[in-house]
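Participant: A single structure is presented below for examination.
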Amino acid sequence: MSMDDSGSPSSPPRPMAVDGADHDAVLANSRFLTQEELLRRRLRRVKQLSRFYRDHYWTLMEDLRSKYKHYYWTYGKSPFIHDHPNNNDNSNGVDDAGVGDDILRCRFGGCKSKAMAFTNFCHAHILSDSKQKLYQGCRIVAKR
């Protein structure tokens, strides 16, 4: 029995129904098929298989897109960055893209969010950084 992504057992996949199976059942007892019957049956099955593979491909692409988005949000860098050796000799452990070897987490006490690029704080705590100059707190008083 196979497992789905959540770890719970999933039911086995149902067999795919062949288009025109009723017509094929009639021809199943024939000893010979004409070339036209044979070509129609093969064309029908190839078209069905093509639709199946196309749908399966796009389902896999959506799954890959979702997993890549999750990976990028968690680690903030491409998994392929280490495939290309870096020719520059940086002694601080940061490569050209500004990505270090480890995941940088927010330095605000108790926060485990990923820090924004080139800072030590996440979006929620960027105002806690005394060195940053890009962000300001809102000074407008909300009226009720």
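Residues in the structure tokens are numbered from 1 in each chain, the chains being A, B, ... in the order shown, and ligands are numbered from 1 in the order shown.
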Would you kindly return, as a PyMOL selection string, each protein, DNA or RNA residue with an atom no farther than 10 Å from any atom of His123 (chain A), considering only C-alpha atoms and excluding same-chain residues fewer than 5 positions away?
Facilitator: chain A and resi 106+113-116+135
Participant: Near Asp129 (chain A), counting only C-alpha atoms, which residues have an atom at most 10 Å away, once you skip same-chain residues fewer than 6 positions from it, shown as an MDAnalysis selection string?
Facilitator: chainID A and resid 107:108 119:122 135
Participant: Store the residues of this selection in a file with N, CA, C and O atoms, as a PDB file, in the first residue's frame.
Facilitator:
ATOM      1  N   ARG A 107      17.181  38.027  14.336  1.00  0.00           N
ATOM      2  CA  ARG A 107      17.901  38.159  15.604  1.00  0.00           C
ATOM      3  C   ARG A 107      17.014  38.679  16.728  1.00  0.00           C
ATOM      4  O   ARG A 107      17.471  38.854  17.840  1.00  0.00           O
ATOM      5  N   PHE A 108      15.752  38.959  16.441  1.00  0.00           N
ATOM      6  CA  PHE A 108      14.842  39.418  17.483  1.00  0.00           C
ATOM      7  C   PHE A 108      14.571  38.247  18.420  1.00  0.00           C
ATOM      8  O   PHE A 108      14.388  37.120  17.963  1.00  0.00           O
ATOM      9  N   THR A 119      20.191  41.768   5.917  1.00  0.00           N
ATOM     10  CA  THR A 119      19.871  42.271   7.256  1.00  0.00           C
ATOM     11  C   THR A 119      19.903  41.110   8.244  1.00  0.00           C
ATOM     12  O   THR A 119      20.070  39.959   7.851  1.00  0.00           O
ATOM     13  N   ASN A 120      19.710  41.434   9.505  1.00  0.00           N
ATOM     14  CA  ASN A 120      19.654  40.408  10.537  1.00  0.00           C
ATOM     15  C   ASN A 120      18.253  40.246  11.097  1.00  0.00           C
ATOM     16  O   ASN A 120      18.067  39.554  12.092  1.00  0.00           O
ATOM     17  N   PHE A 121      17.255  40.897  10.492  1.00  0.00           N
ATOM     18  CA  PHE A 121      15.900  40.877  11.005  1.00  0.00           C
ATOM     19  C   PHE A 121      14.909  40.514   9.908  1.00  0.00           C
ATOM     20  O   PHE A 121      15.153  40.752   8.724  1.00  0.00           O
ATOM     21  N   CYS A 122      13.759  39.958  10.327  1.00  0.00           N
ATOM     22  CA  CYS A 122      12.699  39.590   9.385  1.00  0.00           C
ATOM     23  C   CYS A 122      11.829  40.819   9.105  1.00  0.00           C
ATOM     24  O   CYS A 122      12.042  41.895   9.663  1.00  0.00           O
ATOM     25  N   TYR A 135      13.275  51.639   6.346  1.00  0.00           N
ATOM     26  CA  TYR A 135      11.922  51.487   6.870  1.00  0.00           C
ATOM     27  C   TYR A 135      11.687  52.427   8.038  1.00  0.00           C
ATOM     28  O   TYR A 135      12.586  52.697   8.830  1.00  0.00           O
TER      29      TYR A 135
END
Participant: As an exercise, work out the distance from CA of Ala124 (chain A) to CA of Ile103 (chain A) in Å and give it to one decimal place.
Facilitator: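 So the answer is 17.5 Å.
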Participant: In Å, rounded to a single decimal, give me how far CA of Tyr72 (chain A) is from CA of Gln136 (chain A).
Facilitator: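 Result for CA of Gln136 (chain A) versus CA of Tyr72 (chain A): 27.2 Å, one decimal.
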Participant: Would you compute the distance between CA of Tyr53 (chain A) and CA of Asp22 (chain A)? Give it in Å to one decimal.
Facilitator: 22.9 Å
